[in-house]
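Okay, structure first, notes after.
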Amino acid sequence: MITPTDFRVPPVDAIALETRVAELATRSIKKDAKKKGLEMVVAMTDLTTLEGMDTPGKVKALCRKAWRPLAGHPELPSCAAVCVYPDLVGTAVESLRGSTVAVASVATAFPSGRAALDEKLADTRRAVAAGAGEIDMVIDRGAFLAGRYGQVFDEICRVKDACGEAHLKVILETGELRTYDNVRRACRIALLAGGDFLKTSTGKVTPASTMPVVMLMLEAVRDHYLETGRLVGVKAAGGIRAAKDALRYLVMVNETCGDHWLDARYFRFGASSLLNDVLMQWVRLRTGVYQRPEDFSKD
Amino acid sequence: MNGAGMNDATPPRPDVRKTYKLYVGGKFPRTESGRSYEPAGCAGVQVCRGSRKDLRDAVVAARKGLEDWSGRTGYNRGQILYRLAEMLETRKDALAAEIVAASRIGDEAAVREVEASVDLCCWWAGVPDKLNALLGSQNDVNGPFFVFSTVEPTGVIGVIAPESPSLLGLLALVLPLLAGGNAVVALVSEGRPLAGLAFGEVCASSDVPAGAVNLLSGLRSELSPQFASHRDVDGLLIAGAPDAAIGQAAADSVKRVRFAPLSQADWSDGARVRRLDWVEPFVECKTLWHPVAW
């Protein structure tokens with residue numbers, strides 16, 4: 001039985017958090033470790049397109065890229081998933097048949113989350129029925145900021161039910177939660193409600209994913225594991241465009257949760273342009289020559 | 001301190017010395033490598049010893065700057081180049097002093113070099129809006145078409161400036177590229193970098209968009225192979241005799257490479273530097289076929 005007292009969290013020491021993050025960001029990763037790290041980033045990427053102007057053709061191209069990120073280099077792993085709007089799930093499933101790439105769909109009135117609960121549930125069921133193996137839901141920030149934590153919790157539980165076998169990622173949209181304490185509380189609610197992943201952002205709000213916020217999430221899933229034995233993942237989404245930043249996130253994951261979380265099952269990047277920068281750095285490591293962005297396919 | 005005469009003595013002013021930094025993306029960063037060197041021409045002065053990563057950052061900045069600079073009309077580019085001339089003129093004494101400090105040439109020669117630089121800048125300011133008329137054409141063809149050839153910038157061009165004259169030589173290479181609408185990443189004179197780096201301050205106060213001009217200081221031997229191999233550099237304009245190793249390294253990305261083997265005196269020879277030959281290799285010709293409508 002969950003009661004409102006379960007949503008209480010200790011306050012965040014913002015200065016300690018930011019100092020710790022800044023310290024971890026100074027680690028230098030070179031040569032072989034960098035190459036392995038870049039390959040890990042590719043394998044952890046949810047290649048994403050969430051635009052009003054998305055077309056089946058764009059999604060197909062994105063799926064090919066997620067399956068085989070760089071033509072002529074089969075030694076590079078495939079991405080973890082492709083993330084699209086519900087109406088394009090069918091196209092993605094069709095394009096990825098036979099691959100290891102999962103299809104993730106946003107749902108529950110993404111990105112605002114402002115719709116009636118039954119519409120959110122129907123949205124989720126349709127995406128699952130179309131073949132989505134992962135559902136990225138948004139929490140109701142209006143309810144959360146108004147202090148109606150129970151409502152947020154109930155919604156996540158209902159969506160989790162509607163997902164069935166599909167993995168549920170809970171988008172907290174930390175850019176709208178204003179304070180670190182709120183982020184920690186939202187993590188707690190999503191974990192208690194049974195989310196399989198905590199995700200930072202929709203990518204539609206600035207700031208999107210920041211390192212301190214992801215650090216808070218990592219601490220939350222670590223503590224949740226120590227408390228319950230259940231492993232929950234974290235997805236950093238939005239605003240991560242440089243390979244260097246992605247490697248810093250990996251350092252933070254390892255230092256906070258341990259290397260068990262350095263796995264696409266437990267840590268993901270939600271990104272679109274990040275992949276090309278990672279590929280560019282990867283080729284640069286192999287050839288010693290700085291690369292040209294135009295030489296890498298855009299979609 | 002003794003009390004005598006304390007009140008009427010003017011306190012000594014602090015010694016405000018300039019730190020010569022790189023000019024990348026409209027900002028003045030230090031080299032990411034934290035290294036510095038004492039240029040051969042200027043004893044006691046330390047300047048940034050730029051690294052390949054500084055070059056990488058400069059190319060990224062130039063790619064951004066190119067979008068803005070090449071998208072402007074030739075007329076506007078001409079106005080901005082003229083503004084550069086104005087700013088050079090305003091800073092004439094400082095630039096001359098920087099040349100003297102670096103080169104140990106006489107004051108008069110330094111002033112002449114700055115004046116030649118200003119004049120050259122005025123000359124190139126007149127070029128951009130005439131470039132299509134001069135290098136483009138209207139072509140007669142056998143069919144009901146108007147056919148035009150127009151010129152467009154090649155893109156991001158790497159420049160390696162001559163050792164001397166440090167300012168005039170740099171400008172003789174950079175100005176034609178800017179007139180053609182290219183963005184530039186230039187390595188200034190290795191032994192006499194001060195006036196070249198000060199040119200960044202001139203650009204920063206002249207409406208030249210951030211990233212259109214980027215200036216690095218450092219060792220030519222260290223950076224020129226990086227200029228040559230970087231795949232996102234579209235062309236190279238290098239002061240000095242042709243160097244097969246650079247050509248070879250640039251071949252992989254099919255870069256256009258031009259060497260400018262001018263002597264010290266050649267750079268101030270108007271007949272040598274005021275020529276469209278300097279811009280012609282760094283523009284691309286686009287031909288349009290337009291149906292004749294009656």
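Just so we're on the same page: first chain in the structure tokens is A, next is B, and so on; residues restart at 1 for each chain, and ligands are numbered from 1 in the order they show up.
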
Could you list the residues in chain B lying within 10 Å of chain A, using only C-alpha atoms, and format the result as a ChimeraX atom specification? /B:52-53,55-56,59-60,226-234,249,253

Who sits within 12 Å of A:Ile2, only C-alpha atoms, same chain under 6 positions skipped, as number ranges by chain: A: 8, 149-150, 153-154, 157, 188-189, 191-193

Residues as selected, N, CA, C and O atoms, written as an mmCIF file, in the first residue's frame, can you do that?
```cif
data_model
loop_
_atom_site.group_PDB
_atom_site.id
_atom_site.type_symbol
_atom_site.label_atom_id
_atom_site.label_comp_id
_atom_site.auth_asym_id
_atom_site.auth_seq_id
_atom_site.Cartn_x
_atom_site.Cartn_y
_atom_site.Cartn_z
ATOM 1 N N ARG A 8 7.725 11.296 0.018
ATOM 2 C CA ARG A 8 8.661 12.239 0.642
ATOM 3 C C ARG A 8 10.089 11.844 0.283
ATOM 4 O O ARG A 8 10.434 10.666 0.284
ATOM 5 N N TYR A 149 0.418 14.560 -6.267
ATOM 6 C CA TYR A 149 1.347 13.472 -6.552
ATOM 7 C C TYR A 149 0.630 12.140 -6.737
ATOM 8 O O TYR A 149 1.039 11.302 -7.543
ATOM 9 N N GLY A 150 -0.463 11.975 -5.972
ATOM 10 C CA GLY A 150 -1.218 10.721 -6.079
ATOM 11 C C GLY A 150 -1.744 10.519 -7.483
ATOM 12 O O GLY A 150 -1.698 9.401 -8.022
ATOM 13 N N PHE A 153 1.045 9.423 -9.736
ATOM 14 C CA PHE A 153 1.368 8.025 -9.430
ATOM 15 C C PHE A 153 0.340 7.086 -10.064
ATOM 16 O O PHE A 153 0.682 6.112 -10.738
ATOM 17 N N ASP A 154 -0.948 7.406 -9.860
ATOM 18 C CA ASP A 154 -2.012 6.543 -10.401
ATOM 19 C C ASP A 154 -1.918 6.445 -11.912
ATOM 20 O O ASP A 154 -2.076 5.361 -12.493
ATOM 21 N N CYS A 157 0.764 4.130 -13.009
ATOM 22 C CA CYS A 157 0.341 2.742 -12.777
ATOM 23 C C CYS A 157 -0.607 2.274 -13.877
ATOM 24 O O CYS A 157 -0.472 1.159 -14.404
ATOM 25 N N ARG A 188 11.055 9.284 -7.519
ATOM 26 C CA ARG A 188 10.522 8.393 -6.485
ATOM 27 C C ARG A 188 9.123 7.899 -6.887
ATOM 28 O O ARG A 188 8.837 6.704 -6.803
ATOM 29 N N ILE A 189 8.290 8.822 -7.366
ATOM 30 C CA ILE A 189 6.922 8.454 -7.751
ATOM 31 C C ILE A 189 6.964 7.456 -8.903
ATOM 32 O O ILE A 189 6.283 6.428 -8.889
ATOM 33 N N LEU A 191 9.337 5.460 -9.813
ATOM 34 C CA LEU A 191 9.909 4.171 -9.426
ATOM 35 C C LEU A 191 8.882 3.344 -8.665
ATOM 36 O O LEU A 191 8.714 2.142 -8.914
ATOM 37 N N LEU A 192 8.162 3.984 -7.724
ATOM 38 C CA LEU A 192 7.156 3.263 -6.945
ATOM 39 C C LEU A 192 6.024 2.778 -7.838
ATOM 40 O O LEU A 192 5.431 1.728 -7.604
ATOM 41 N N ALA A 193 5.733 3.555 -8.916
ATOM 42 C CA ALA A 193 4.616 3.196 -9.791
ATOM 43 C C ALA A 193 4.996 2.094 -10.774
ATOM 44 O O ALA A 193 4.144 1.620 -11.518
#
```

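Excluding A:Arg68 and any residue on its chain fewer than 4 positions from it, the residues at most 7 Å away by only C-alpha atoms are Arg64, Pro74 and Ser78 of chain A.
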
Could you write out, as a PDB file with C-alpha atoms, in the first residue's frame, all the residues of stretch 3-148 of chain A that DSSP marks as helix (DSSP H, G or I)?
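Below is the file that was written, part05.pdb:
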```pdb
ATOM      1  CA  PRO A   4       1.496  10.043   0.393  1.00  0.00           C
ATOM      2  CA  THR A   5       4.330   9.784   2.924  1.00  0.00           C
ATOM      3  CA  ASP A   6       6.077   7.433   0.504  1.00  0.00           C
ATOM      4  CA  PHE A   7       6.543  10.344  -1.903  1.00  0.00           C
ATOM      5  CA  ALA A  14      22.502  21.376  -5.048  1.00  0.00           C
ATOM      6  CA  ILE A  15      26.062  22.612  -4.574  1.00  0.00           C
ATOM      7  CA  ALA A  16      27.430  19.188  -3.704  1.00  0.00           C
ATOM      8  CA  LEU A  17      25.558  17.684  -6.650  1.00  0.00           C
ATOM      9  CA  GLU A  18      26.872  20.187  -9.169  1.00  0.00           C
ATOM     10  CA  THR A  19      30.400  20.016  -7.799  1.00  0.00           C
ATOM     11  CA  ARG A  20      30.415  16.238  -8.036  1.00  0.00           C
ATOM     12  CA  VAL A  21      29.130  16.373 -11.617  1.00  0.00           C
ATOM     13  CA  ALA A  22      31.708  18.979 -12.618  1.00  0.00           C
ATOM     14  CA  GLU A  23      34.440  16.828 -11.086  1.00  0.00           C
ATOM     15  CA  LEU A  24      33.352  13.744 -13.021  1.00  0.00           C
ATOM     16  CA  LYS A  31      42.349   5.934 -27.360  1.00  0.00           C
ATOM     17  CA  ASP A  32      41.057   2.391 -26.754  1.00  0.00           C
ATOM     18  CA  ALA A  33      38.830   3.382 -23.866  1.00  0.00           C
ATOM     19  CA  LYS A  34      37.372   6.171 -26.001  1.00  0.00           C
ATOM     20  CA  LYS A  35      36.746   3.790 -28.884  1.00  0.00           C
ATOM     21  CA  LYS A  36      34.980   1.313 -26.600  1.00  0.00           C
ATOM     22  CA  GLY A  37      33.035   4.154 -25.002  1.00  0.00           C
ATOM     23  CA  LEU A  38      31.894   5.485 -28.377  1.00  0.00           C
ATOM     24  CA  GLU A  39      30.756   2.020 -29.434  1.00  0.00           C
ATOM     25  CA  MET A  40      28.880   1.734 -26.155  1.00  0.00           C
ATOM     26  CA  VAL A  41      27.158   5.057 -26.835  1.00  0.00           C
ATOM     27  CA  VAL A  42      26.025   3.805 -30.252  1.00  0.00           C
ATOM     28  CA  ALA A  43      24.603   0.637 -28.676  1.00  0.00           C
ATOM     29  CA  PRO A  56       7.302   7.079 -43.321  1.00  0.00           C
ATOM     30  CA  GLY A  57      10.262   7.640 -45.645  1.00  0.00           C
ATOM     31  CA  LYS A  58      12.224   9.482 -42.961  1.00  0.00           C
ATOM     32  CA  VAL A  59      11.418   6.788 -40.396  1.00  0.00           C
ATOM     33  CA  LYS A  60      12.562   4.047 -42.794  1.00  0.00           C
ATOM     34  CA  ALA A  61      15.857   5.854 -43.359  1.00  0.00           C
ATOM     35  CA  LEU A  62      16.272   6.302 -39.613  1.00  0.00           C
ATOM     36  CA  CYS A  63      15.634   2.591 -39.054  1.00  0.00           C
ATOM     37  CA  ARG A  64      18.306   1.632 -41.570  1.00  0.00           C
ATOM     38  CA  LYS A  65      20.708   3.950 -39.801  1.00  0.00           C
ATOM     39  CA  ALA A  66      19.866   2.498 -36.372  1.00  0.00           C
ATOM     40  CA  TRP A  67      20.335  -1.056 -37.665  1.00  0.00           C
ATOM     41  CA  PRO A  86       2.631   6.202 -32.437  1.00  0.00           C
ATOM     42  CA  ASP A  87       1.321   6.501 -36.008  1.00  0.00           C
ATOM     43  CA  LEU A  88       4.768   5.606 -37.393  1.00  0.00           C
ATOM     44  CA  VAL A  89       5.331   2.548 -35.176  1.00  0.00           C
ATOM     45  CA  GLY A  90       4.052   0.212 -37.900  1.00  0.00           C
ATOM     46  CA  THR A  91       6.545   1.585 -40.412  1.00  0.00           C
ATOM     47  CA  ALA A  92       9.407   1.227 -37.935  1.00  0.00           C
ATOM     48  CA  VAL A  93       8.444  -2.330 -36.939  1.00  0.00           C
ATOM     49  CA  GLU A  94       8.284  -3.324 -40.605  1.00  0.00           C
ATOM     50  CA  SER A  95      11.690  -1.749 -41.353  1.00  0.00           C
ATOM     51  CA  LEU A  96      13.432  -3.310 -38.360  1.00  0.00           C
ATOM     52  CA  LEU A 117      -6.584   9.664 -18.802  1.00  0.00           C
ATOM     53  CA  ASP A 118      -8.687   7.437 -21.054  1.00  0.00           C
ATOM     54  CA  GLU A 119      -7.184   9.103 -24.129  1.00  0.00           C
ATOM     55  CA  LYS A 120      -3.699   8.540 -22.736  1.00  0.00           C
ATOM     56  CA  LEU A 121      -4.453   4.890 -22.119  1.00  0.00           C
ATOM     57  CA  ALA A 122      -5.953   4.437 -25.584  1.00  0.00           C
ATOM     58  CA  ASP A 123      -2.880   6.149 -27.064  1.00  0.00           C
ATOM     59  CA  THR A 124      -0.654   3.687 -25.214  1.00  0.00           C
ATOM     60  CA  ARG A 125      -2.672   0.609 -26.218  1.00  0.00           C
ATOM     61  CA  ARG A 126      -2.664   1.617 -29.877  1.00  0.00           C
ATOM     62  CA  ALA A 127       1.111   2.022 -29.863  1.00  0.00           C
ATOM     63  CA  VAL A 128       1.575  -1.364 -28.188  1.00  0.00           C
ATOM     64  CA  ALA A 129      -0.873  -2.996 -30.600  1.00  0.00           C
ATOM     65  CA  ARG A 141       3.474  18.081 -14.986  1.00  0.00           C
ATOM     66  CA  GLY A 142       0.403  20.210 -14.284  1.00  0.00           C
ATOM     67  CA  ALA A 143      -0.742  17.752 -11.632  1.00  0.00           C
ATOM     68  CA  PHE A 144       2.780  17.276 -10.272  1.00  0.00           C
ATOM     69  CA  LEU A 145       3.486  20.983  -9.850  1.00  0.00           C
TER      70      LEU A 145
END
```

Identify, on the basis of only C-alpha atoms, every residue whose closest approach to B:Ser206 does not exceed 6 Å; exclude the query and any residue fewer than 2 positions from it along the same chain; express the result as number ranges by chain. B: 83-84, 203-204, 208

For the selection you just gave me, I'd like the residues written to a file as a PDB file, in the first residue's frame, keeping N, CA and C atoms.
```pdb
ATOM      1  N   ARG B  83      34.659  48.440 -44.254  1.00  0.00           N
ATOM      2  CA  ARG B  83      34.675  48.707 -42.809  1.00  0.00           C
ATOM      3  C   ARG B  83      35.985  48.161 -42.200  1.00  0.00           C
ATOM      4  N   LEU B  84      36.423  47.006 -42.683  1.00  0.00           N
ATOM      5  CA  LEU B  84      37.709  46.455 -42.232  1.00  0.00           C
ATOM      6  C   LEU B  84      38.824  47.462 -42.507  1.00  0.00           C
ATOM      7  N   CYS B 203      38.727  42.471 -37.110  1.00  0.00           N
ATOM      8  CA  CYS B 203      37.546  41.762 -37.621  1.00  0.00           C
ATOM      9  C   CYS B 203      36.389  41.862 -36.638  1.00  0.00           C
ATOM     10  N   ALA B 204      36.718  41.726 -35.343  1.00  0.00           N
ATOM     11  CA  ALA B 204      35.662  41.701 -34.329  1.00  0.00           C
ATOM     12  C   ALA B 204      34.914  43.025 -34.265  1.00  0.00           C
ATOM     13  N   VAL B 208      32.232  41.739 -39.483  1.00  0.00           N
ATOM     14  CA  VAL B 208      32.528  40.435 -40.091  1.00  0.00           C
ATOM     15  C   VAL B 208      31.845  39.408 -39.200  1.00  0.00           C
TER      16      VAL B 208
END
```

Contacts of stretch 180-184 of chain A within 8 Å, only C-alpha atoms, excl. fewer than 3 positions in-chain, as a tab-separated table (two decimals) with all heavy atoms, in the first residue's frame:
```tsv
chain	number	residue	atom	x	y	z
A	9	VAL	N	10.87	12.85	-0.02
A	9	VAL	CA	12.27	12.58	-0.34
A	9	VAL	C	13.16	13.55	0.43
A	9	VAL	O	12.73	14.66	0.73
A	9	VAL	CB	12.57	12.74	-1.85
A	9	VAL	CG1	11.95	11.63	-2.65
A	9	VAL	CG2	12.12	14.10	-2.34
A	10	PRO	N	14.39	13.14	0.75
A	10	PRO	CA	15.30	14.09	1.39
A	10	PRO	C	15.67	15.19	0.41
A	10	PRO	O	15.76	14.94	-0.79
A	10	PRO	CB	16.52	13.24	1.75
A	10	PRO	CG	16.41	12.00	0.95
A	10	PRO	CD	14.97	11.83	0.57
A	11	PRO	N	15.86	16.42	0.90
A	11	PRO	CA	16.21	17.51	-0.02
A	11	PRO	C	17.58	17.29	-0.66
A	11	PRO	O	18.44	16.62	-0.10
A	11	PRO	CB	16.21	18.75	0.88
A	11	PRO	CG	16.35	18.23	2.26
A	11	PRO	CD	15.77	16.86	2.29
A	12	VAL	N	17.74	17.90	-1.85
A	12	VAL	CA	18.98	17.74	-2.60
A	12	VAL	C	19.96	18.85	-2.22
A	12	VAL	O	19.57	20.01	-2.12
A	12	VAL	CB	18.69	17.82	-4.12
A	12	VAL	CG1	19.98	17.72	-4.91
A	12	VAL	CG2	17.71	16.73	-4.52
A	14	ALA	N	22.24	20.99	-3.66
A	14	ALA	CA	22.50	21.38	-5.05
A	14	ALA	C	23.99	21.62	-5.30
A	14	ALA	O	24.53	21.24	-6.33
A	14	ALA	CB	21.69	22.62	-5.40
A	172	LEU	N	10.07	12.54	-17.20
A	172	LEU	CA	9.75	13.47	-16.11
A	172	LEU	C	9.69	14.91	-16.61
A	172	LEU	O	9.15	15.78	-15.94
A	172	LEU	CB	10.79	13.36	-15.00
A	172	LEU	CG	11.05	11.94	-14.48
A	172	LEU	CD1	12.10	11.98	-13.37
A	172	LEU	CD2	9.78	11.30	-13.96
A	174	THR	N	12.23	17.16	-16.87
A	174	THR	CA	12.86	17.85	-15.74
A	174	THR	C	13.01	19.34	-15.98
A	174	THR	O	13.11	20.11	-15.01
A	174	THR	CB	14.23	17.24	-15.46
A	174	THR	OG1	14.97	17.22	-16.69
A	174	THR	CG2	14.10	15.83	-14.94
A	177	LEU	N	10.29	20.94	-14.17
A	177	LEU	CA	10.06	20.64	-12.74
A	177	LEU	C	10.71	21.67	-11.82
A	177	LEU	O	10.49	21.63	-10.60
A	177	LEU	CB	10.56	19.23	-12.40
A	177	LEU	CG	9.84	18.09	-13.14
A	177	LEU	CD1	10.33	16.74	-12.63
A	177	LEU	CD2	8.35	18.19	-12.99
A	187	CYS	N	11.18	11.19	-9.52
A	187	CYS	CA	11.85	9.90	-9.68
A	187	CYS	C	11.23	8.87	-8.74
A	187	CYS	O	10.93	7.74	-9.13
A	187	CYS	CB	13.34	10.00	-9.34
A	187	CYS	SG	14.31	10.90	-10.54
A	188	ARG	N	11.05	9.28	-7.52
A	188	ARG	CA	10.52	8.39	-6.48
A	188	ARG	C	9.12	7.90	-6.89
A	188	ARG	O	8.84	6.70	-6.80
A	188	ARG	CB	10.46	9.17	-5.17
A	188	ARG	CG	9.81	8.48	-4.03
A	188	ARG	CD	10.83	7.77	-3.18
A	188	ARG	NE	10.16	7.09	-2.07
A	188	ARG	CZ	10.55	5.91	-1.61
A	188	ARG	NH1	11.57	5.29	-2.14
A	188	ARG	NH2	9.90	5.36	-0.60
A	213	VAL	N	20.87	16.54	-13.29
A	213	VAL	CA	19.57	15.90	-13.23
A	213	VAL	C	19.69	14.38	-13.46
A	213	VAL	O	19.05	13.57	-12.78
A	213	VAL	CB	18.64	16.58	-14.27
A	213	VAL	CG1	17.58	15.63	-14.75
A	213	VAL	CG2	18.03	17.83	-13.68
A	216	LEU	N	20.94	12.73	-10.39
A	216	LEU	CA	19.86	12.50	-9.42
A	216	LEU	C	19.08	11.25	-9.76
A	216	LEU	O	18.72	10.45	-8.88
A	216	LEU	CB	18.90	13.69	-9.42
A	216	LEU	CG	19.29	14.93	-8.63
A	216	LEU	CD1	18.16	15.94	-8.72
A	216	LEU	CD2	19.54	14.55	-7.18
A	217	MET	N	18.81	11.06	-11.05
A	217	MET	CA	18.05	9.89	-11.48
A	217	MET	C	18.84	8.61	-11.22
A	217	MET	O	18.29	7.60	-10.79
A	217	MET	CB	17.74	10.00	-12.97
A	217	MET	CG	16.77	11.10	-13.28
A	217	MET	SD	16.45	11.09	-15.05
A	217	MET	CE	14.92	11.97	-15.05
A	220	ALA	N	18.68	7.77	-7.74
A	220	ALA	CA	17.35	7.26	-7.39
A	220	ALA	C	17.21	5.79	-7.78
A	220	ALA	O	16.69	4.98	-6.99
A	220	ALA	CB	16.27	8.10	-8.07
```
